[in-house]
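K.L.:
Have a look at this one before I ask anything.
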Amino acid sequence: MVDLSRVKIFAVIGAGTMGREIAQVALMSNLFNKVILHDIDNNALSDAKNYITTGLKKIESKGKLGQNLTTDSLLENLVITKDLITAVKNADFIVEAIPEVMELKQELFKQLGESSPEHTVLATNTSTMSITKIAEGSNKPEKVIGMHFFTPVPLLRLIEVIKGEKTSQETFDLGVLIGKNLPALKGKRYIAQIEKESPGFIVNRLTISTSPFFSWILDMATNKGIPYEKIDNDFITPPDLGPLAKWDYFGIDIAIDVLNYFAETVSPEFAPGKTLTNLLKEGNLGRKTGKGIYEWIEGKPKIKSPEKAGLFNLEQFYAIQLNEGCRLLEEGIVKSYKIIDDTMLAGMDMPGPFRAGKNNYEKWSLILEEIVKITGITYYKPCDMMKSGEFLKFKK
Ligand code: NAD
């Protein structure tokens, strides 16, 4: 049995977008004597402190911080430090949230293995990568887990907790228990327990599965001079962000890193297409540089009209996701499709593909055959589990 009261010091490494929010919910849980936030960059640390303070105050003003808790009392438990050893030498549970670069994470886990106590659990917030590989140099892979949070962490309910090949059951159980006890403003935390790792776990595996299709569409639109916004409008209604605008939003460089990782680990057909590659070469990385697939003004893409191209539809998107979900079942990553749908809902605030896919898999298999014909992307051939409807046996 794992015991939460043994975890007194909670440390977060990396104080960027994710690290600061993870530290904030750790403070809000009021479970730990100290929450220590470390970064190599002083500015990131002071920005994070301001961000956390503002976030806590806002929640406090809505009366949602919890009984007898105030921003000031919670901030007393926060320590920020640029010194890694100070951050981890007495920590009981450490969450890493540094950039998604395997070599950086491996180097850090080596240092964490050397500098943290033997009993300390090391969690990585990687969005896509192998927990086993990240853990390699740590000297205690049985103490390493994946703990994949979704931003905004104080709001969204989902955390994916993932076992690496050598993760012990005790480590996994502690990660799940801590996850369940971190507050979320949208409701009770939902912990997706993933017993076997695979690139992108559940949410990103399904989400990224549509990327080769969108990358093909993007190149086609470039070649034929079709305005990108018309393509996005086939899938959404502005001001929601369509799939192409989302690449810009998160950063073309990040999208390309992820696609290259999937090309290495899932299928070569994930390799980024021409338009994305050219944008990277030109330094047009999307929202953060003011130009990418779209022009960005004050954090929003410049969209002139809600007109649609009328070439694509949401059914294609869901057909691809259903196929990927069925692959996860085939590979034994998860045991039921309900877990996949619940995870998508908790993490993305949108229904998973099985709810509608249950009744449409035959039609959607034909849609996939059509996509293969048009795009030449053979990865989209419907897998046996989808085509046959065999997945229906894996409800619970
Ligand atoms: P970020 O770039 O916003 O922040 C990373 C921080 O890590 C920076 O402040 C940087 O100074 C610091 N850093 C770099 N090397 C370090 C080191 N060796 N030691 C200590 N600090 C170091 O990145 P992010 O968006 O917060 O992403 C962090 C991780 O979380 C990545 O693995 C990413 O894939 C994952 N993730 C991101 C999101 C998202 O939406 N941004 C969602 C889920 C998971």
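Letters A, B, ... mark the chains of the structure tokens in the order given; residue numbers begin at 1 per chain; ligand numbers begin at 1, in order shown.
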Which residues are near Asn260 (chain A)? Cut-off 7 Å, only C-alpha atoms, ignore same chain within fewer than 5 positions. Put them as a list in words.

P.N.:
Phe270, Ala271 and Pro272 of chain A

K.L.:
Ligand 1: which residues are within 8 Å, counting only C-alpha atoms and all ligand atoms, as number ranges by chain?

P.N.:
A: 13-20, 38-41, 44-45, 84, 96-101, 104-105, 107-108, 124-128, 148-151, 250

K.L.:
Determine which residues of region 31-180 of chain A receive a DSSP assignment of helix (DSSP H, G or I), computed from the backbone, and state them as number ranges by chain.

P.N.:
A: 42-61, 71-75, 84-88, 102-115, 131-138, 141-143, 169-180

K.L.:
List the neighbours of Asn323 (chain A) out to 10 Å using only C-alpha atoms; skip same-chain residues closer than 2 positions along the sequence, and give me the result as a ChimeraX atom specification.

P.N.:
/A:206,209,318-321,325-329,353-354,357,361,364-365,368,379-387

K.L.:
Which neighbours of Gly299 (chain A) fall inside 9 Å, counting only C-alpha atoms, when residues of the same chain fewer than 6 positions from it are skipped, and could you give them as an mmCIF file with all heavy atoms, in the first residue's frame?

P.N.:
data_model
loop_
_atom_site.group_PDB
_atom_site.id
_atom_site.type_symbol
_atom_site.label_atom_id
_atom_site.label_comp_id
_atom_site.auth_asym_id
_atom_site.auth_seq_id
_atom_site.Cartn_x
_atom_site.Cartn_y
_atom_site.Cartn_z
ATOM 1 N N TYR A 249 -0.401 27.624 -33.232
ATOM 2 C CA TYR A 249 -0.614 27.992 -31.835
ATOM 3 C C TYR A 249 0.461 27.351 -30.949
ATOM 4 O O TYR A 249 1.070 28.013 -30.118
ATOM 5 C CB TYR A 249 -2.020 27.554 -31.394
ATOM 6 C CG TYR A 249 -2.345 27.929 -29.975
ATOM 7 C CD1 TYR A 249 -2.857 29.188 -29.676
ATOM 8 C CD2 TYR A 249 -2.137 27.037 -28.925
ATOM 9 C CE1 TYR A 249 -3.154 29.553 -28.373
ATOM 10 C CE2 TYR A 249 -2.428 27.386 -27.616
ATOM 11 C CZ TYR A 249 -2.928 28.648 -27.354
ATOM 12 O OH TYR A 249 -3.198 29.001 -26.053
ATOM 13 N N ARG A 287 2.344 31.434 -33.814
ATOM 14 C CA ARG A 287 1.927 32.508 -32.898
ATOM 15 C C ARG A 287 3.123 33.231 -32.285
ATOM 16 O O ARG A 287 3.169 34.447 -32.194
ATOM 17 C CB ARG A 287 1.065 31.881 -31.796
ATOM 18 C CG ARG A 287 0.509 32.871 -30.803
ATOM 19 C CD ARG A 287 -0.417 32.181 -29.817
ATOM 20 N NE ARG A 287 0.261 31.134 -29.085
ATOM 21 C CZ ARG A 287 0.252 31.005 -27.766
ATOM 22 N NH1 ARG A 287 -0.419 31.869 -27.035
ATOM 23 N NH2 ARG A 287 0.871 30.013 -27.180
ATOM 24 N N LYS A 288 4.145 32.454 -31.856
ATOM 25 C CA LYS A 288 5.240 33.094 -31.107
ATOM 26 C C LYS A 288 6.119 33.997 -31.977
ATOM 27 O O LYS A 288 6.795 34.871 -31.451
ATOM 28 C CB LYS A 288 6.076 32.047 -30.368
ATOM 29 C CG LYS A 288 6.757 31.002 -31.211
ATOM 30 C CD LYS A 288 7.398 29.949 -30.309
ATOM 31 C CE LYS A 288 7.639 28.662 -31.051
ATOM 32 N NZ LYS A 288 7.965 27.534 -30.194
ATOM 33 N N GLY A 290 4.692 35.532 -34.749
ATOM 34 C CA GLY A 290 3.761 36.438 -35.432
ATOM 35 C C GLY A 290 3.372 35.958 -36.819
ATOM 36 O O GLY A 290 2.463 36.495 -37.445
#

K.L.:
Going by DSSP on the backbone, which bits of region 82-256 of chain A are strand (DSSP E or B)? Write them as number ranges by chain, please.

P.N.:
A: 93-96, 121-124, 144-149, 158-163, 190-194

K.L.:
Closest to Leu158 (chain A) among A:Gly187, A:Gly175, A:Gly273, A:Gly137, using only C-alpha atoms?

P.N.:
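The shortest atom-to-atom distance to Leu158 (chain A) comes from A:Gly187.
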
K.L.:
Would you pick out the contacts of Leu65 (chain A) at 10 Å or less, using only C-alpha atoms, so that residues sharing its chain but fewer than 4 positions from it are not included, and give the list as a list in words?

P.N.:
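With the cut-off at 10 Å, the set is Met28, Ser29, Leu56, Lys57, Lys58, Ile59, Glu60, Ser61, Leu69, Thr70, Thr71, Leu74, Pro183 and Leu185 of chain A.
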